[in-house]
Every structure is written in C-alpha cells, then in structure tokens.
2 protein chains.
Amino acid sequence: MVTGDFCLCIVGTFIRGLETTATYVPTNQEFVLNSPTITSMKYWPGGLGKTSNCCLVMAQLITQGEKRGIHLFFVQIRDIETHQPMPGVESGDIGTKFGFGSNDNGYLKLTNVRIPRENMLMRYSKVLEDGTYVPPKNQRIGYGTMVFVRAHIVTNSARGLAKACVIAIRYSAVRRQTEVSPGGMEAQILDYQTQQYKLLPLLASAFAMYFTGRYAEDYYEEIASISEIEEGKLDSLNQLHAVCAGLKAFVTWVCTAGIETCRLCCGGHGYSHASGLPKLYVFYTPGCTYEGENNVMMLQVARFLMKLYPDIKRNVPIHKFVDYLGADLTLKSCMTAEVAIGCLLKAYEHRAARLLSEAASRVESLVRSGKSHQEAWNASTVVLTWAAKAYCHTFVFRTFSQIVTDAAVDKNTKDVLTALCKLYAVHGILENLGEFIQDGFFSPKQVSLLKNKLADLLAEIRPNAVALVDAFDYPDKILDSCLGRYDGQVYQALYDYAKSSPLNQQEVLDSYHKYIKPAQLGQSTRHEQPMARL
Amino acid sequence: MVTGDFCLCIVGTFIRGLETTATYVPTNQEFVLNSPTITSMKYWPGGLGKTSNCCLVMAQLITQGEKRGIHLFFVQIRDIETHQPMPGVESGDIGTKFGFGSNDNGYLKLTNVRIPRENMLMRYSKVLEDGTYVPPKNQRIGYGTMVFVRAHIVTNSARGLAKACVIAIRYSAVRRQTEVSPGGMEAQILDYQTQQYKLLPLLASAFAMYFTGRYAEDYYEEIASISEIEEGKLDSLNQLHAVCAGLKAFVTWVCTAGIETCRLCCGGHGYSHASGLPKLYVFYTPGCTYEGENNVMMLQVARFLMKLYPDIKRNVPIHKFVDYLGADLTLKSCMTAEVAIGCLLKAYEHRAARLLSEAASRVESLVRSGKSHQEAWNASTVVLTWAAKAYCHTFVFRTFSQIVTDAAVDKNTKDVLTALCKLYAVHGILENLGEFIQDGFFSPKQVSLLKNKLADLLAEIRPNAVALVDAFDYPDKILDSCLGRYDGQVYQALYDYAKSSPLNQQEVLDSYHKYIKPAQLGQSTRHEQPMARL
C-alpha cells in the first residue's frame, strides 16, 4: 500500500451473504455498485480510507435479474488529479487500533457507483455485453490463491515467533536473578528450568512451523500449476487447501501466544517498547482473524476430515496427508526410555485418529437421537475443533521430524535439531496429555518417562539455545530491541533508550508549571512536614 | 500519582541482592544513598521520572560497617519550588511502553544523596543516633501489606476479565455470522458452541476469581490486625501469604489470557480501539510481572507446600487451606452423570494432592541420586509449578463453590450460579485433563460424561449469558467500547467512531499532495490503463 494505489476489500466469513451488490445494466454496459446497509460497508482494508485511488471490491453479481454469486470488481474510488472521492463513494479511516498505527485502515460505502463492464475480473467467469452470465469451469477455482496466501502466513508467523525467541532467549542469557547456591553469583535466568520450559519449546515451535510453512509453499508450487487449476484437476489442491486452512489457524495461535510468553519472560522490561516485543505482538496477532478467522478455519478442516471419514474407515487408499487416520485405535504406545521420534510420531497420529473418531461418534449419536445433521454438527463443534487441531499438530510434527531426519548436516547439528524436534513433541504431549492418555494409549510409567525426558531435553538444549537463535541471523536493526541485542549490552541500551525519550529533552516540563505546581500549592502544609504524610 | 508527589521504588525479585545502599553517618546523623551501577538504577515506578517530588527508596542499610538488610527511606528527589532534581539525583522517563502511555514511568540514579536519619521508616526496625541498629521483632512483619496488595490484585484482575466478558458477550449477541440452517437468518455468534466454549468459562472465571479475591481480602482483615502482627503471631498470615502469592499469579495469568481471548472472539473489530479491549489488555497484563513475578510467586507457593509436606504426610492437624493435601491418593472419583459439585471438588483436591506428591518424589529421588537439595529443587521447578498451580486452582474452585452453596438467593439465581460453578470446574478439568486422569482417577467413561456435561452446561448457560454480564453493571462510560454497548447499537457506534478519526476531518490530507501525488506522477502511465495492472 506504500504508493496507496490499490487495495482489496473482502469482509466477512460468510461470503455468500455479502450484501454489496453489482447489478449489470446492458443498455450502457455498466455495473452499478451499492452497499445498502451499515453492515455492508467495507471495513479494515489497508490504505483504503485516505490513500488508495482504486480498489477491488467483492460484490454479489446480479445480471438478468439473477444473483450469480460473489465476483471481483475494479473500482476507482478517488479522482486521480484531485484525490476527491468519485461520485457515490464515501470512504475514510476507521480510527485507532491496537497496532498498525501508521496504516490508514479504511471503510467504504458505495451508492450507485457506476463502472464499465470491463472492470469485472473475468478470467474464470464472464458477463457478456447482453448480460449473459458465463460461470467458471470450476467453482473452487479461486482456492489456489487462498491456499498460497495461507501457506505464506504460516511461514511468516514462524518468523514472528522466531524474532520473539531471539529477543527473549538472548535477554535471558544476559539477565541474572537470584543466587542459585547461597552466596554464589546470581544465575542467568535462562538457567532456570521454568524459564527454559517457556522459551525452548517456543524455539522448537519456530523451527517446526517455519519448516512446515516452507513445505506447504513448495507443495503448492508443485501441484497448483495454473494449467492444472484451469483444467479443474483440484484433488491435491483440495487436500492442501484443507491443511493450509488449519495450519494458518494453528500456527497464528501458537505465534501470537508465543510472542506474549516471550514478552512476559522478559519481566517488566518486556512491557517497554524498548524490548521490541509489544510491536511484534500487535503486528502478528491480526493473523488470527484475517484471511479466515481461526475457529472458522479449524471447523473447515473438521468438515473436510469428516467428509473423508467413511473412506478412512473403509481403508480406501487415501492422500498421504491423511493416510494414518484409519490406524487401529486399540494399539498402545511403543514408547521406551529412549523416546524415539518414531514412537512420538505414532502417538500424535493415534491422538489425531482417536479424536476424529470420538468427534464422529458424537455427531452420529446425536443424529441417532433425532437431531438433524446440522444440529448435531453445531452441538459438536468443540470436539470437532479438538480433532482438527490434533490433525494440524500432527502435520507440523510430521513435517518437522521428516525434515530433521532427512537433513544433510553434520552429526552435531543433527543431534541438536533432533533434540529440538523431540522437545517439540514431548512438550506438545505433556501440554495436551489428556488427549494422549484418555484411552490408556500411554501407561502411567510411559508418562513419567516423558516427564523426565522433558527435563533432560531442556538441560540438553540449554547450552545451544543462544546459538540456535543466532542461527536465525536477524540483525539488530530488524529486531529493534534493547533486550535482544547481539552484543548483550542490554542495560546501557535501555538507559540510552530512556534518555532519548521526548519527555527527557527538558528537565522541567511545562506541564509542571501548568498543573502540578498549582496542585502543590494547595498541599504546601504537607510539604513542610513530609514525614507527617506517612 | 495524580498530584505526582510520591512514589515507591522497589525493583527486583531478589530483594536481598538489591545494590542500592543507604549508609548511616553518625557524625551528622544522615544516610548517604547510592545506586552505584547501571543495574542498580530504579526503573518503572509511576510518576517517578518527571513528576514526583518525593519517593520511598528501598536500599540496603549499612550502619556500623555492617549490612542490615533492605529498609525503606523517604527521599526528596526534586526541589519543591523549582522542580529541579536535588543534588546527586538523576531521574527521567523510561520511554514508550505497551500501555500506560499517559503515565510517566521513571528511572532514578542516586549519587551520594544525603537524607536525615528521620527519613528512614522506623516503625519496625530502627537506627539510633549513634548508629546502633534495632532489628524488627519479626523479619516477616512486612508481609502484611504484601498480602493485602496481592489479594486486592486478585479482585481487581477479576474485574478486568469481567469487563472484557461484558464486551465480548454483548457483541456476540449482536454480531450475526452465517446461516445455521440453509436459507435461515444468520445466527448470533454467541449461539455457536465454539464461541460459548471460549467465552462462558471466562465468565465463570470472572465470578470465581472475584469471589476468591473478596474472600482473601476479608480473611486478611480478619487475621491481620496490626496488634496481632506486632505481637508476631503470624501463622494464619503465613498461610494467607502463600495463598495470595499463588492466587495473584494464577488469576493475573487467567485475566490476561482471558482478555485476549475475548478480544479475538470479537474478530477484526476486537483489534480496533473502538472495542475497548486492547486498552483493557495493556492495562491488566502488567499484573503478571509487578508485585512479584508470577513464576517466582508460584515457586514460593511450591516451597511453602513442600515445607508442609512432612506434616501433611503424617496427618498432623493442619490449616484449612491445605487440609485436603494428605488425602488418600488411591481413591477413585465418585463422579456420576449428575456431575455433583462435591465430586468435582474431590477431583480438584485429588489432583492437587497427587501433583504435590509427584513433585516431592522427584525432588527426593534426585537427592537420593546424589544431587544437593538445591540442585534437585532447580531440576524440578516445572513439576513444582504444576503442583502450585493445581493448589491455587483448587483454592479458587473451593471458594467459588462454597460461596455459591451458601448464597442466600432465590432458586433460579442459585441454579444459574451453580451451572456457572460447574462449568468452571468441568472446563478446568478438560483443559488440564492429563493431570486428572494420569493415575486413572477418572475412568474413560467418566471423562466422556464430563465432555457431554460441558456441552450441556454451555447450552444451559447461553440464555442467561447476557443477563450475567449485565449483572456486573458496568456503565458504557466505563467500558468505553463500541462493541460492548448496553443498547447493542454496535455498527452505528463503529461508524461514528470512524468518522471522529482525526484523519477524517479533512477529505484530502496534506500528505497526499506531499507524498502520494508525486509518487503517482511516476506511475501515470499505469493509471491511464488501470486494468493493465492486474
């Protein structure tokens, strides 16, 4: 949006219900656009309010008296010379936000705005001069871009969490707090197991999610060639579409919560903008709501899995993303003290398969009890979401473990990555333990093994923690953090940051003379005997 | 800090290690204060940087050549007439923060600042004119205030979560999204089970935490009479001190995460300051770090419980706050389809007792394996924290259930409160399921019962959700939220909020002529054929 030419306005999860209309008038070969209600106004597009001259508007196409579904229209909203709104256009900034303060997020109201027929994006569906509607070969043809965008969000969210980990882990190696043994030196807070338990699994998640995002991007390039889409060969694309919807939700949740955990791990200083962490948070948290609200995404995954479920039960040959979901649920875990990645993977697959079958049985039993399928579904969305999350979690760990196993790196590097990969999995199991043991898949003894292994892995990774965040290679300029500096000169940087505060450019502020001094006069007696105030 | 007279500077969890010194000089009966290092500078106190004239400084008292521990000193830092810093005082604002933008949080550096002997707070310990140090009757005498402050933070955090619930639940009753049955009206998002699952347990938590905070405040008033403290009768106070340390951490974590959940439940609009939710978040999240960093607080609780553990095992008569921790761990749950509060309570008590004994065994076994007690402790802080959290969680549910059971209200009100209380407990069990079933305390059948009960409770509470948040009786003026308005006129309010944006007071901003238009000139060819850009 830098040059502010252009933005895309899509609002609402329920695209079918979009209220904005584009009605075709054959006589002058124009579309007339209207957003009739206050709820049909476009909200949030970046640069829309005061900056953009043109935008793409999603609207319900009406031609020959019939609704034809949602299509995209190119609309000029401001005069190129004067920048005044075009006739029938009302737009403006939506006001202050949690973040993106420098961004003009806008609203847009359209009243009988006329655009030429050519301004409809007609690659896949068309409106002819006489108003005849030519539908696309395939309704799902638009999915390709969505999949690509969501895969990109996964990779990008991983980068956000990685930056937060760099800051928090470097600071935790500088910051000292409380002597470990009486009289000894205060320990680096990164040496505290509780601090390791918060930060090191997030570090592992950043690696896991980054690898997963890159894998999804590559897989998209592989399958989603334009020609293939145009020929309507969409099977693998549908698989990837479901996975990316879920990954987008799963990863943005982990990223958002993780950045906050990193901030809180920096204590009070994490709250200062000097830490760079609040800025990261407000930048990444919108990922949970844009490009598909996360809960809606998870239910989309659940719907996809439930649709496959009959095939899964009948062990019909099935795409590699879901091939394990038909696994025998009576099996127990092969976990030993060694905690092999293979056994960890089996555990994640078992949990995902079990939660899916649990959700399916709930829906079935509600239907048997007389509810409509829709009612049964709506009364089961919580367990369906659990199943979808478990599926996404498994996908991330599967990808991570595959990449670590195949990585052509020296033994030391592989050992560290393997420890990180195991930590990701063991931590994930202990944080969701109920889902893994409800059916006795793990024995109590195996759970104790995992708990001990967790402590061992934290201690094993600790010496490499700083090297692992350095490996992300973010320059100080990008991190923009006094706490995350490569040179560790945290306290001098905080002091310099403070001294640069505008409030400090004057020793005594005008506000003192204007407000505080007059207020003090009324209390002078108290100042004469300050101790009396205690 | 409104009149900016006064603030308290305490920094660091490791109070013993505080670097600021106050050295007594008998010849002129003065203390000389110094913060020698950059890490000894005071940071964060509100109003300190540019506003306060006087402050209380915590410093290591040195008299007759000996360190006497941390004491409080009253220090004038600015001249009452000119507001210039006093000799040896350097102070300023620490810079921008996540929130509290209007608050001058300051730093303070003291170099040979001299104050009269009377400026030491000498209620409990004294320095005589000749420099003789008179210690307090009881070292823990200062705890009283800490306990009171933390109990207050619990109640106040509950209020913060309550406000977020009011906003999110009212908005969820106004906002409609996607037809539930084809062709039907779009449903209120509060009718979606996933939305209920996020919001209604938080509503229950707000009630639970508020009742708990009020209980702790009352109990403090009951036991902590000044006379009792001064006589050094501190047994009940020590119990309450441990509980309040843990509750402060437990509740601020729930409050902070809960406000964000409420914000995300409002979709994109939650991100706008028009929602009022970002402001709530940045106001309450510091509660996790101030007045005792949460992880440190939890370990304090764990230390307290571990100290009692031998008595607990020997079934020595013990304070009512911990009386259940010696329960027989071989017992199984009495849970039936009715899901009685008594059985829920037993489950929480069992989990807390089991996690404590699990943590104790880990420490013991590490000691047996040759580690020092300190090493064993440091290698077990994660499981110790789990035990402490379970203890706090039980305390909150115990208090909530007790108050609901005893409440003298009509049957309908009691039914709703009971459902809310059960939801709090059932949700807490399912969110921490592993801790409740690792030892087979619940059978798989009982877990299924609880999962079904959860769905039933959400459906049961839904019709009263709006009434329950209205019951908090926060006026619109306090909520300051377009989404949480009592009258439900959300969209008009958002539109008005947008129109009031400073950016909208001019149709074409100066920045257009300054930046955008020149940038466009370089692209004019593109504007002549806008479609070419696609």
# chains A, B, ... in the order shown; residues from 1 in each chain; ligands from 1
>>> residues_around(residues="region 472-476 of chain B", least_positions_apart="4", cutoff="7 Å", atoms="only C-alpha atoms", output="list in words")
Asp480, Arg485 and Tyr486 of chain B
>>> write_last_selection(atoms="N, CA, C and O atoms", output="compact mmCIF listing (two decimals), in the first residue's frame")
# COMPACT_ATOMS: atom_id res chain seq x y z
N ASP B 480 -16.25 1.95 27.74
CA ASP B 480 -15.66 2.72 26.63
C ASP B 480 -15.46 1.83 25.40
O ASP B 480 -14.37 1.72 24.86
N ARG B 485 -21.62 -1.95 23.99
CA ARG B 485 -22.70 -1.03 24.39
C ARG B 485 -23.92 -1.77 24.92
O ARG B 485 -24.31 -2.79 24.37
N TYR B 486 -24.51 -1.20 25.94
CA TYR B 486 -25.71 -1.80 26.54
C TYR B 486 -26.84 -1.86 25.53
O TYR B 486 -27.60 -2.83 25.48
>>> interface_residues(of="chain B", to="chain A", cutoff="6 Å", atoms="only C-alpha atoms", output="number ranges by chain")
B: 14, 92, 94-98, 178, 194, 267-268, 271-273, 278, 289, 382, 433-434, 498, 501, 504
>>> write_last_selection(atoms="all heavy atoms", output="short mmCIF file (atom, residue, chain, number, x, y, z; two decimals), in the first residue's frame")
data_model
loop_
_atom_site.label_atom_id
_atom_site.label_comp_id
_atom_site.auth_asym_id
_atom_site.auth_seq_id
_atom_site.Cartn_x
_atom_site.Cartn_y
_atom_site.Cartn_z
N PHE B 14 14.92 -10.40 43.69
CA PHE B 14 15.95 -10.83 44.63
C PHE B 14 16.29 -9.65 45.54
O PHE B 14 17.35 -9.04 45.45
CB PHE B 14 17.18 -11.29 43.84
CG PHE B 14 18.28 -11.84 44.71
CD1 PHE B 14 18.01 -12.77 45.70
CD2 PHE B 14 19.58 -11.41 44.54
CE1 PHE B 14 19.03 -13.29 46.49
CE2 PHE B 14 20.60 -11.91 45.32
CZ PHE B 14 20.33 -12.86 46.31
N GLY B 92 14.41 10.42 35.18
CA GLY B 92 13.79 10.74 33.91
C GLY B 92 12.75 9.69 33.55
O GLY B 92 12.59 8.68 34.26
N ILE B 94 11.25 6.62 31.32
CA ILE B 94 11.94 5.47 30.71
C ILE B 94 11.57 5.25 29.25
O ILE B 94 12.10 4.35 28.60
CB ILE B 94 11.71 4.17 31.49
CG1 ILE B 94 10.24 3.75 31.46
CG2 ILE B 94 12.24 4.28 32.92
CD1 ILE B 94 10.00 2.34 31.98
N GLY B 95 10.64 6.04 28.73
CA GLY B 95 10.30 5.89 27.31
C GLY B 95 8.95 5.22 27.10
O GLY B 95 8.24 4.92 28.06
N THR B 96 8.64 4.95 25.83
CA THR B 96 7.29 4.47 25.49
C THR B 96 7.12 3.00 25.89
O THR B 96 8.08 2.24 25.95
CB THR B 96 7.03 4.59 23.98
OG1 THR B 96 8.06 3.85 23.29
CG2 THR B 96 7.09 6.05 23.56
N LYS B 97 5.86 2.65 26.16
CA LYS B 97 5.52 1.32 26.64
C LYS B 97 4.31 0.78 25.89
O LYS B 97 3.67 1.49 25.14
CB LYS B 97 5.19 1.38 28.13
CG LYS B 97 6.29 1.92 29.00
CD LYS B 97 5.76 2.82 30.12
CE LYS B 97 5.21 4.13 29.59
NZ LYS B 97 4.74 5.05 30.61
N PHE B 98 4.00 -0.51 26.18
CA PHE B 98 2.86 -1.20 25.56
C PHE B 98 1.57 -0.42 25.88
O PHE B 98 0.72 -0.23 25.02
CB PHE B 98 2.79 -2.61 26.15
CG PHE B 98 2.06 -3.62 25.30
CD1 PHE B 98 1.54 -3.30 24.07
CD2 PHE B 98 1.94 -4.92 25.76
CE1 PHE B 98 0.88 -4.26 23.29
CE2 PHE B 98 1.29 -5.89 25.00
CZ PHE B 98 0.76 -5.54 23.77
N THR B 178 -23.26 -16.23 9.34
CA THR B 178 -23.54 -17.50 8.67
C THR B 178 -24.85 -18.13 9.13
O THR B 178 -25.07 -18.33 10.32
CB THR B 178 -22.41 -18.53 8.90
OG1 THR B 178 -21.17 -17.88 8.65
CG2 THR B 178 -22.56 -19.71 7.99
N THR B 194 -18.50 -23.17 19.73
CA THR B 194 -17.09 -22.81 19.87
C THR B 194 -16.94 -21.44 20.54
O THR B 194 -16.04 -21.23 21.35
CB THR B 194 -16.39 -22.78 18.50
OG1 THR B 194 -17.23 -22.07 17.58
CG2 THR B 194 -16.16 -24.17 17.96
N GLY B 267 -13.40 -10.93 16.64
CA GLY B 267 -12.91 -10.89 15.27
C GLY B 267 -12.09 -9.63 15.01
O GLY B 267 -11.45 -9.09 15.92
N GLY B 268 -12.14 -9.15 13.77
CA GLY B 268 -11.33 -7.99 13.40
C GLY B 268 -11.62 -6.78 14.27
O GLY B 268 -10.70 -6.07 14.68
N TYR B 271 -9.69 -5.78 17.38
CA TYR B 271 -8.36 -5.18 17.22
C TYR B 271 -8.42 -3.65 17.20
O TYR B 271 -7.44 -2.97 17.45
CB TYR B 271 -7.75 -5.69 15.91
CG TYR B 271 -6.28 -5.38 15.71
CD1 TYR B 271 -5.30 -6.08 16.40
CD2 TYR B 271 -5.88 -4.38 14.83
CE1 TYR B 271 -3.95 -5.81 16.20
CE2 TYR B 271 -4.53 -4.10 14.62
CZ TYR B 271 -3.58 -4.82 15.31
OH TYR B 271 -2.24 -4.56 15.12
N SER B 272 -9.63 -3.12 16.93
CA SER B 272 -9.80 -1.67 16.92
C SER B 272 -9.91 -1.16 18.36
O SER B 272 -10.51 -1.80 19.21
CB SER B 272 -11.07 -1.30 16.16
OG SER B 272 -11.41 0.05 16.41
N HIS B 273 -9.33 0.03 18.60
CA HIS B 273 -9.50 0.62 19.94
C HIS B 273 -10.97 0.94 20.20
O HIS B 273 -11.36 1.16 21.35
CB HIS B 273 -8.64 1.86 20.07
CG HIS B 273 -7.22 1.55 20.45
ND1 HIS B 273 -6.90 0.74 21.52
CD2 HIS B 273 -6.04 1.92 19.90
CE1 HIS B 273 -5.58 0.64 21.61
NE2 HIS B 273 -5.03 1.32 20.64
N PRO B 278 -8.22 -3.76 23.49
CA PRO B 278 -6.75 -3.59 23.60
C PRO B 278 -6.35 -2.77 24.82
O PRO B 278 -5.38 -3.11 25.50
CB PRO B 278 -6.40 -2.87 22.29
CG PRO B 278 -7.46 -3.27 21.33
CD PRO B 278 -8.72 -3.36 22.17
N THR B 289 3.67 -9.36 36.04
CA THR B 289 5.07 -9.14 36.40
C THR B 289 5.25 -8.28 37.64
O THR B 289 6.18 -8.49 38.40
CB THR B 289 5.83 -8.51 35.21
OG1 THR B 289 4.95 -7.64 34.49
CG2 THR B 289 6.31 -9.57 34.25
N VAL B 382 9.65 -27.15 37.19
CA VAL B 382 8.48 -27.25 36.30
C VAL B 382 7.37 -28.04 36.98
O VAL B 382 6.23 -27.57 37.09
CB VAL B 382 8.86 -27.89 34.95
CG1 VAL B 382 7.62 -28.26 34.15
CG2 VAL B 382 9.73 -26.92 34.14
N LEU B 433 -6.79 -32.13 31.52
CA LEU B 433 -7.27 -33.50 31.70
C LEU B 433 -6.18 -34.47 32.15
O LEU B 433 -6.38 -35.28 33.05
CB LEU B 433 -7.93 -34.00 30.41
CG LEU B 433 -8.69 -35.32 30.52
CD1 LEU B 433 -9.78 -35.24 31.58
CD2 LEU B 433 -9.30 -35.70 29.17
N GLY B 434 -5.01 -34.33 31.55
CA GLY B 434 -3.93 -35.27 31.88
C GLY B 434 -3.66 -35.33 33.37
O GLY B 434 -3.46 -36.41 33.93
N ALA B 498 -15.35 5.87 13.67
CA ALA B 498 -14.51 6.06 12.49
C ALA B 498 -14.57 7.52 12.03
O ALA B 498 -13.54 8.16 11.81
CB ALA B 498 -14.96 5.13 11.37
N SER B 501 -12.41 10.07 13.61
CA SER B 501 -10.95 9.96 13.50
C SER B 501 -10.36 11.26 12.96
O SER B 501 -10.87 11.82 11.99
CB SER B 501 -10.60 8.81 12.56
OG SER B 501 -9.25 8.93 12.13
N ASN B 504 -10.08 11.92 9.38
CA ASN B 504 -11.29 12.15 8.58
C ASN B 504 -11.79 13.59 8.65
O ASN B 504 -12.82 13.91 8.08
CB ASN B 504 -12.40 11.19 9.01
CG ASN B 504 -12.03 9.75 8.71
OD1 ASN B 504 -11.24 9.49 7.81
ND2 ASN B 504 -12.59 8.83 9.48
#
>>> residues_around(residues="Leu61 (chain A)", least_positions_apart="3", cutoff="8 Å", atoms="only C-alpha atoms", output="number ranges by chain")
A: 21-24, 67-71
>>> atom_distance(atom1="CA of Ile478 (chain B)", atom2="CA of Ile167 (chain B)")
11.2 Å
>>> select_by_dssp(residues="region 121-315 of chain A", states="strand (DSSP E)", output="list in words")
Lys126, Val127, Tyr133, Val134, Arg176, Gln177, Thr178, Glu179, Glu186, Ala187 and Gln188 of chain A
>>> residues_around(residues="region 404-419 of chain B", least_positions_apart="4", cutoff="7 Å", atoms="only C-alpha atoms", output="MDAnalysis selection string")
chainID B and resid 400 423 457 461
>>> select_by_dssp(residues="region 242-448 of chain A", states="alpha helix (DSSP H)", output="PyMOL selection string")
chain A and resi 242-265+277-284+294-313+341-368+373-378+381-406+411-431+433-437+444-448
>>> closest_residue(among="A:Gln64, A:Asn315, A:Ser365, A:Ser357", to="Ala388 (chain A)", atoms="only C-alpha atoms")
A:Ser357
>>> residues_around(residues="Met298 (chain A)", least_positions_apart="6", cutoff="10 Å", atoms="only C-alpha atoms", output="NGL selection string")
:A and (242-243 or 245-250 or 292 or 304 or 381 or 384-389 or 391-392)
>>> write_last_selection(atoms="N, CA and C atoms", output="compact mmCIF listing (two decimals), in the first residue's frame")
# COMPACT_ATOMS: atom_id res chain seq x y z
N ALA A 242 -7.29 -27.69 2.63
CA ALA A 242 -7.74 -28.02 3.99
C ALA A 242 -6.59 -27.89 4.98
N VAL A 243 -5.44 -28.47 4.62
CA VAL A 243 -4.29 -28.42 5.52
C VAL A 243 -3.89 -26.97 5.80
N ALA A 245 -5.63 -24.21 5.58
CA ALA A 245 -6.62 -23.51 6.41
C ALA A 245 -6.33 -23.80 7.88
N GLY A 246 -6.10 -25.09 8.18
CA GLY A 246 -5.84 -25.49 9.56
C GLY A 246 -4.50 -24.97 10.07
N LEU A 247 -3.47 -25.09 9.22
CA LEU A 247 -2.14 -24.65 9.65
C LEU A 247 -2.14 -23.15 9.91
N LYS A 248 -2.83 -22.41 9.07
CA LYS A 248 -2.89 -20.96 9.26
C LYS A 248 -3.42 -20.66 10.66
N ALA A 249 -4.49 -21.35 11.06
CA ALA A 249 -5.08 -21.12 12.38
C ALA A 249 -4.15 -21.62 13.49
N PHE A 250 -3.69 -22.86 13.34
CA PHE A 250 -2.85 -23.47 14.37
C PHE A 250 -1.60 -22.62 14.63
N GLY A 292 -9.35 -15.53 7.03
CA GLY A 292 -10.08 -16.68 7.55
C GLY A 292 -9.92 -16.74 9.06
N PHE A 304 -13.77 -31.15 6.42
CA PHE A 304 -13.01 -31.89 5.41
C PHE A 304 -12.70 -33.31 5.90
N THR A 381 -19.19 -28.83 17.78
CA THR A 381 -18.07 -28.10 17.16
C THR A 381 -16.86 -28.02 18.08
N LEU A 384 -15.08 -31.29 17.55
CA LEU A 384 -14.61 -31.28 16.15
C LEU A 384 -13.36 -30.40 16.04
N THR A 385 -13.35 -29.28 16.75
CA THR A 385 -12.18 -28.39 16.74
C THR A 385 -10.97 -29.09 17.36
N TRP A 386 -11.22 -29.82 18.46
CA TRP A 386 -10.11 -30.57 19.08
C TRP A 386 -9.50 -31.54 18.07
N ALA A 387 -10.36 -32.22 17.32
CA ALA A 387 -9.87 -33.19 16.33
C ALA A 387 -9.06 -32.47 15.24
N ALA A 388 -9.56 -31.33 14.79
CA ALA A 388 -8.87 -30.60 13.72
C ALA A 388 -7.51 -30.09 14.21
N LYS A 389 -7.46 -29.60 15.45
CA LYS A 389 -6.20 -29.11 16.00
C LYS A 389 -5.18 -30.24 16.09
N TYR A 391 -5.05 -32.84 14.28
CA TYR A 391 -4.62 -33.15 12.91
C TYR A 391 -3.52 -32.17 12.48
N CYS A 392 -3.72 -30.89 12.73
CA CYS A 392 -2.73 -29.88 12.34
C CYS A 392 -1.43 -30.05 13.12
>>> residues_around(residues="Pro26 (chain B)", least_positions_apart="4", cutoff="10 Å", atoms="only C-alpha atoms", output="JSON, numbers by chain")
{"B": [30, 31, 63, 64, 117, 127, 128, 129, 130, 131, 132]}
>>> residues_around(residues="Thr261 (chain B)", least_positions_apart="5", cutoff="10 Å", atoms="only C-alpha atoms", output="short mmCIF file (atom, residue, chain, number, x, y, z; two decimals) with C-alpha atoms, in the first residue's frame")
data_model
loop_
_atom_site.label_atom_id
_atom_site.label_comp_id
_atom_site.auth_asym_id
_atom_site.auth_seq_id
_atom_site.Cartn_x
_atom_site.Cartn_y
_atom_site.Cartn_z
CA ALA B 164 -13.79 -7.99 28.77
CA CYS B 165 -16.55 -10.59 29.13
CA ALA B 168 -17.33 -9.83 24.09
CA LYS B 198 -14.32 -19.61 24.75
CA LEU B 199 -16.48 -17.03 26.49
CA LEU B 202 -14.16 -16.98 31.17
CA CYS B 255 -7.16 -12.49 33.40
CA THR B 256 -4.52 -11.56 30.84
CA CYS B 266 -14.72 -10.14 18.53
CA GLY B 270 -11.63 -6.55 18.58
#
>>> atom_distance(atom1="CA of Thr212 (chain B)", atom2="CA of Leu483 (chain B)")
28.6 Å
>>> atom_distance(atom1="CA of Tyr210 (chain B)", atom2="CA of Ser236 (chain B)")
21.6 Å
>>> closest_residue(among="B:Thr336, B:Leu468, B:Arg462, B:Thr20", to="Leu449 (chain B)", atoms="only C-alpha atoms")
B:Thr336
>>> closest_residue(among="B:Met335, B:Phe73, B:Lys42, B:Cys55", to="Lys126 (chain B)", atoms="only C-alpha atoms")
B:Phe73
